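Working notes, beginning with the structure itself.
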Amino acid sequence: LAPTRFFFLCRIHEEILLLEPSPEWATLETPYRNLAAGYQRVIAGLNRRDEGRFIRDQLDNLLAVMEWCFDHHEPGLTGLLDLTGNWLGLWGYKRERIRWGELAVQLLKEAGQIGPAAWHLVYNVGWTYFQQGHPRQAKACFQEGLSLAGDDDLLVQGVALRNLAQFAREYDKDFGEAERLYLEALSIFHHVADERW
């Protein structure tokens with residue numbers, strides 16, 4: 001199973017409690033399901049510094065649980081990627097971030113969750129392609145994410161437009177188009193009152 005010695009030592013010392021199977025319905029899959037939910041619960045409760053340390057310490061386990069989630073069509077994959085994707089990018093695990101982003105998009109599309117699929121296309125997959133210097137793949141992700149977002153998902157639209165503006169500026173050297181796209185994205189960010197962007 002995915003949990004390693006480090007994980008069990010933490011459990012022994014009652015620092016984290018991730019495995020809490022109910023004996024009446026426990027199966028061989030129960031530890032993975034509980035880890036997928038437990039990791040999300042624990043990580044969401046940490047401050048940024050402790051979050052990074054915890055994810056780095058548990059990275060092999062997290063990736064193994066994400067693999068299991070994909071193989072078993074468990075939605076925990078996307079929740080874990082939401083929490084770990086940015087860290088993977090910061091630490092240079094860009095291929096892994098793209099791989100898990102693409103798998104999350106596939107899983108979400110199969111489940112009919114188009115909005116979250118669009119987000120992962122624009123943010124985890126497309127942006128990482130862009131950072132790696134793969135402009136064709138990046139632009140395709142941004143455009144697909146924008147078309148999947150529809151009229152209701154303003155944040156995905158804004159991020160996709162911002163990313164396309166970056167593309168126009170850095171690859172096409174079309175500064176007029178870049179400015180137009182940046183202003184359109186900025187208008188959306190003002191509308192949704194999301195200061196992060």
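Starting from 1 in every chain, residues are counted up; chains themselves are A, B, ... following the order of the structure tokens, and ligands are numbered from 1 as listed.
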* Asked: Could you name the residues that touch A:Glu102 at 7 Å or less, counting only C-alpha atoms, but leaving out those on the same chain fewer than 4 positions away, as a PyMOL selection string?
  -> chain A and resi 98+106+125
Those same residues, written as an mmCIF file, in the first residue's frame with C-alpha atoms?
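See out.cif below for the written result:
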data_model
loop_
_atom_site.group_PDB
_atom_site.id
_atom_site.type_symbol
_atom_site.label_atom_id
_atom_site.label_comp_id
_atom_site.auth_asym_id
_atom_site.auth_seq_id
_atom_site.Cartn_x
_atom_site.Cartn_y
_atom_site.Cartn_z
ATOM 1 C CA ILE A 98 1.195 18.133 -16.652
ATOM 2 C CA GLN A 106 -9.772 13.180 -18.601
ATOM 3 C CA VAL A 125 -1.719 21.766 -17.824
#
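Residues in contact with A:Gln131 at 12 Å, where only C-alpha atoms are counted and same-chain residues fewer than 3 positions away are skipped, are listed as A:Gly89, A:Leu90, A:Gly92, A:Tyr93, A:Lys94, A:Arg95, A:Arg97, A:Ile98, A:Tyr123, A:Asn124, A:Val125, A:Gly126, A:Trp127, A:Thr128, A:His134, A:Pro135, A:Gln137, A:Ala138, A:Lys139, A:Asn163, A:Gln166, A:Phe167, A:Glu170.
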* Would you list the contacts of A:Leu62 as a list of chain:residue names, taking every protein, DNA or RNA residue within 9 Å and counting only C-alpha atoms, but skipping same-chain residues closer than 3 positions in sequence? => A:Ala2, A:Pro3, A:Leu35, A:Ala36, A:Tyr39, A:Ile55, A:Gln58, A:Leu59, A:Val65, A:Met66, A:Glu67, A:Leu80, A:Thr84
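Here atom CA of A:Phe142 is placed at a distance of 6.8 Å from atom CA of A:Leu121.
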Show which residues sit within 12 Å of A:Gly45, as a short mmCIF file (atom, residue, chain, number, x, y, z; two decimals) with C-alpha atoms, in the first residue's frame. Count only C-alpha atoms, and ignore same-chain residues fewer than 6 positions away.
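Final output, result13.cif:
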data_model
loop_
_atom_site.label_atom_id
_atom_site.label_comp_id
_atom_site.auth_asym_id
_atom_site.auth_seq_id
_atom_site.Cartn_x
_atom_site.Cartn_y
_atom_site.Cartn_z
CA ILE A 16 -2.26 12.90 11.89
CA GLY A 38 -7.51 12.44 4.71
CA TYR A 39 -4.66 14.07 2.83
CA GLU A 51 1.64 22.73 3.75
CA PHE A 54 4.01 18.19 4.56
CA LEU A 83 -3.69 21.17 -3.31
#
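One distance worth recording is that between atom CA of A:Leu63 and atom CA of A:Trp87, which is 12.7 Å.
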* Asked: From the list A:Ala117, A:Leu181, A:Ala111, A:Leu148, which residue is nearest A:Leu81 when using only C-alpha atoms?
  -> A:Ala117
* To do: Write out as a ChimeraX atom specification which residues come within 8 Å of A:Trp119 when counting only C-alpha atoms, dropping same-chain ones fewer than 5 positions away.
  => /A:124,145,149,156
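Using only C-alpha atoms, the nearest neighbour of A:Leu146 within the list A:Pro31, A:Gly112, A:Gly158, A:Gly176 is A:Gly158.
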* To do: Once DSSP has gone over the backbone, tell me which residues of stretch 38-177 of chain A are in helix (DSSP H, G or I), as a PyMOL selection string.
  => chain A and resi 38-44+48-57+59-71+76-90+94-110+114-132+135-149+154-172+175-177
* Structure fact -> atom CA of A:Leu108 to atom CA of A:Ala37 measures 17.4 Å
* **Residue contacts of A:Pro75 (9 Å, only C-alpha atoms) excluding same-chain residues fewer than 4 positions away, as a list in words** => Ala36, Cys69, Phe70, Gly79, Ala104, Leu107 and Leu108 of chain A
* Which residue out of A:Ala168, A:Val122, A:Val42, A:Leu154 has the minimum interatomic distance to A:His191 when only C-alpha atoms are used? -> A:Leu154
